[in-house]
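Q: Sharing a structure with you now.
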Amino acid sequence: MYRLNRTEYADIDSGARIGHGFVGGLIGGTAFALFAMIASAILFGASALTMPLRLVGSLVIGVSALSDSAPVTTEFVGLSVHLVLSAFYGMVFGLIAYSMGPLAQPRARLVAAAVVYGWALWLLNFYLIAPAAGWAWIPAQSIPGIEFLSHALFFGGTLGLYMGQVQERTRAELISFERETEMLPRGRRAA
């Protein structure tokens, strides 16, 4: 299996990594939200389907977002906040993956790093940031097992798989470029 060396890896600029992190964060955030909503409906009945979105919406609206009488706009606020945070955290992971350089190879290491990253986000957001911000209801209204799966596997794992796929595609493009360059006459090769 071909592995990128430091010079080749440096050719993948951090802007591209951030952009791919943005997309991967949105994909992972979508997987996270769908899993959390389905788990909520299975555990608490169909009426609880949107409870995860209302919980995220409560970051902006307050604890009243958790009420059954909260307006439908609460779910839209929750979804918007969730996707913005997912994209942001995806971009942060994109930078982390970029800084890992060749250590992010093979893909399994990158996926494992993303799973640990998702797990760490859960712990940081629920047990440090939420209480410090006065959002004590966030950890209190959550089920740790569901939150672990949502953050680590559905967000982190999906983000890692996406970033790993991007890495594989980038590696293949670099190999192809290298082969094409080797075929050029000496004076026409890229510097």
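Order determines the names: the first chain of the structure tokens is A, the second B, and so forth; residues in each chain are numbered 1 upward, and ligands are numbered 1 upward as they are shown.
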Can you check which parts of stretch 106-139 of chain A lie within 9 Å of stretch 57-62 of chain A? Per residue, the shortest pair of atoms and distance in Å to one decimal, counting only C-alpha atoms, sorted by chain and number, as CSV.
A:
residue,atom,partner,partner_atom,distance
A:Ala130,CA,A:Leu59,CA,8.9
A:Trp135,CA,A:Leu59,CA,7.3
A:Ile138,CA,A:Ser58,CA,8.4
Q: Could you take the residues named above and write them with C-alpha atoms, as a tab-separated table (two decimals), in the first residue's frame?
A:
chain	number	residue	atom	x	y	z
A	130	ALA	CA	-23.04	23.00	29.63
A	135	TRP	CA	-27.34	24.64	30.90
A	138	ILE	CA	-28.48	19.32	28.99
Q: If we count only C-alpha atoms and set the cut-off at 7 Å, which residues sit around A:Met37, ignoring sequence neighbours fewer than 2 positions away in its own chain? Please answer as number ranges by chain.
A: A: 33-35, 39-41, 49-50, 52
Q: Dump C-alpha atoms for the selected residues as an mmCIF file, in the first residue's frame?
A:
data_model
loop_
_atom_site.group_PDB
_atom_site.id
_atom_site.type_symbol
_atom_site.label_atom_id
_atom_site.label_comp_id
_atom_site.auth_asym_id
_atom_site.auth_seq_id
_atom_site.Cartn_x
_atom_site.Cartn_y
_atom_site.Cartn_z
ATOM 1 C CA ALA A 33 -29.269 13.650 14.533
ATOM 2 C CA LEU A 34 -31.036 10.808 12.746
ATOM 3 C CA PHE A 35 -29.722 8.230 15.200
ATOM 4 C CA ALA A 39 -33.361 6.254 19.514
ATOM 5 C CA SER A 40 -35.511 8.832 21.286
ATOM 6 C CA ALA A 41 -38.650 7.646 19.484
ATOM 7 C CA LEU A 49 -38.877 11.910 17.954
ATOM 8 C CA THR A 50 -37.875 15.583 17.935
ATOM 9 C CA PRO A 52 -32.992 15.724 20.558
#
Q: Please, what distance in Å, to one decimal, runs between atom CA of A:Phe155 and atom CA of A:Leu95?
A: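 Computed distance, atom CA of A:Phe155 to atom CA of A:Leu95, equals 16.5 Å.
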Q: For a quick check of understanding, using only C-alpha atoms, which of A:Gln141, A:Ala133, A:Ser86, A:Gln165 has the smallest distance to A:Ala31?
A: A:Ser86
Q: Could you work out how far atom CA of A:Val81 lies from atom CA of A:Met100, giving the answer in Å with one decimal?
A: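 Distance reported for this atom pair: 28.4 Å.
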Q: Using only C-alpha atoms, can you tell me which of A:Ala48, A:Leu110, A:Val84, A:Ile27 comes closest to A:Ile96?
A: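 Using only C-alpha atoms, A:Ile96 sits closest to A:Leu110.
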Q: Any idea what the distance is between atom CA of A:Ala16 and atom CA of A:Leu161?
A: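 Result for atom CA of A:Ala16 versus atom CA of A:Leu161: 16.4 Å, one decimal.
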Q: Taking into account only C-alpha atoms, which residue in the set A:Val77, A:Ala136, A:Leu149, A:Met163 is nearest to A:Val63?
A: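 Checking each of A:Val77, A:Ala136, A:Leu149, A:Met163 against A:Val63, counting only C-alpha atoms, the winner is A:Ala136.
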Q: Pick the closest to A:Ala152 from A:Val111, A:Val92, A:Leu128, A:Ala140: which is it, counting only C-alpha atoms?
A: A:Val111
Q: Write out as an MDAnalysis selection string each polymer residue whose atoms come within 12 Å of A:Tyr89, counting only C-alpha atoms; drop sequence neighbours fewer than 5 positions from it.
A: chainID A and resid 18:29 82:84 94:96 114 117:118 120:122 125 151 155:156 159
Q: Go ahead and write the residues just picked, C-alpha atoms, as a CSV table (one decimal), in the first residue's frame.
A:
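Final file, part_10.csv:
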chain,number,residue,atom,x,y,z
A,18,ILE,CA,-10.9,22.4,6.7
A,19,GLY,CA,-13.4,22.4,3.8
A,20,HIS,CA,-13.5,18.6,3.9
A,21,GLY,CA,-14.0,18.8,7.6
A,22,PHE,CA,-16.9,21.1,7.1
A,23,VAL,CA,-18.6,18.6,4.7
A,24,GLY,CA,-17.7,15.7,6.9
A,25,GLY,CA,-19.1,17.5,9.9
A,26,LEU,CA,-22.4,18.1,8.2
A,27,ILE,CA,-22.6,14.4,7.1
A,28,GLY,CA,-21.6,13.2,10.6
A,29,GLY,CA,-24.0,15.7,12.2
A,82,HIS,CA,-26.8,21.3,15.6
A,83,LEU,CA,-25.7,21.6,12.0
A,84,VAL,CA,-23.6,24.7,12.6
A,94,GLY,CA,-10.1,18.7,9.5
A,95,LEU,CA,-7.2,20.7,11.0
A,96,ILE,CA,-6.4,18.0,13.5
A,114,ALA,CA,-12.4,10.8,14.9
A,117,TYR,CA,-12.7,13.1,19.0
A,118,GLY,CA,-16.5,12.7,19.0
A,120,ALA,CA,-14.2,13.9,23.8
A,121,LEU,CA,-16.7,16.5,22.3
A,122,TRP,CA,-19.5,14.8,24.2
A,125,ASN,CA,-19.8,19.9,25.9
A,151,HIS,CA,-21.1,11.6,19.4
A,155,PHE,CA,-20.7,11.8,14.4
A,156,GLY,CA,-17.0,10.9,14.9
A,159,LEU,CA,-16.6,12.1,10.0
Q: Find the residues around A:Ser67 up to 10 Å (only C-alpha atoms counted), leave out those fewer than 2 positions away in its own chain, and share them as an NGL selection string.
A: :A and (51 or 54-55 or 63-65 or 69-71)
Q: Just the selected residues (N, CA and C atoms), exported as a PDB file, in the first residue's frame, please.
A:
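Produced file part36.pdb, reproduced below:
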ATOM      1  N   MET A  51     -37.291  15.320  20.296  1.00  0.00           N
ATOM      2  CA  MET A  51     -36.702  15.757  21.570  1.00  0.00           C
ATOM      3  C   MET A  51     -35.207  16.097  21.430  1.00  0.00           C
ATOM      4  N   ARG A  54     -35.046  19.558  20.090  1.00  0.00           N
ATOM      5  CA  ARG A  54     -35.479  20.539  21.092  1.00  0.00           C
ATOM      6  C   ARG A  54     -34.408  20.742  22.160  1.00  0.00           C
ATOM      7  N   LEU A  55     -33.700  19.658  22.500  1.00  0.00           N
ATOM      8  CA  LEU A  55     -32.625  19.767  23.487  1.00  0.00           C
ATOM      9  C   LEU A  55     -31.528  20.697  22.960  1.00  0.00           C
ATOM     10  N   VAL A  63     -34.628  26.412  28.597  1.00  0.00           N
ATOM     11  CA  VAL A  63     -35.232  25.155  29.014  1.00  0.00           C
ATOM     12  C   VAL A  63     -36.679  25.019  28.528  1.00  0.00           C
ATOM     13  N   SER A  64     -37.331  26.118  28.212  1.00  0.00           N
ATOM     14  CA  SER A  64     -38.716  26.045  27.721  1.00  0.00           C
ATOM     15  C   SER A  64     -38.817  25.294  26.389  1.00  0.00           C
ATOM     16  N   ALA A  65     -37.702  25.158  25.687  1.00  0.00           N
ATOM     17  CA  ALA A  65     -37.701  24.418  24.416  1.00  0.00           C
ATOM     18  C   ALA A  65     -38.022  22.947  24.624  1.00  0.00           C
ATOM     19  N   SER A  69     -45.282  21.823  24.665  1.00  0.00           N
ATOM     20  CA  SER A  69     -46.017  22.923  24.031  1.00  0.00           C
ATOM     21  C   SER A  69     -45.095  23.904  23.302  1.00  0.00           C
ATOM     22  N   ALA A  70     -43.782  23.585  23.225  1.00  0.00           N
ATOM     23  CA  ALA A  70     -42.845  24.467  22.516  1.00  0.00           C
ATOM     24  C   ALA A  70     -43.233  24.529  21.043  1.00  0.00           C
ATOM     25  N   PRO A  71     -43.114  25.688  20.418  1.00  0.00           N
ATOM     26  CA  PRO A  71     -43.505  25.803  19.009  1.00  0.00           C
ATOM     27  C   PRO A  71     -42.600  24.964  18.096  1.00  0.00           C
TER      28      PRO A  71
END
Q: So, with only C-alpha atoms as the atoms that count, which of A:Ser142, A:Ser99, A:Thr30, A:Thr73 lies closest to A:Ala87?
A: A:Thr30
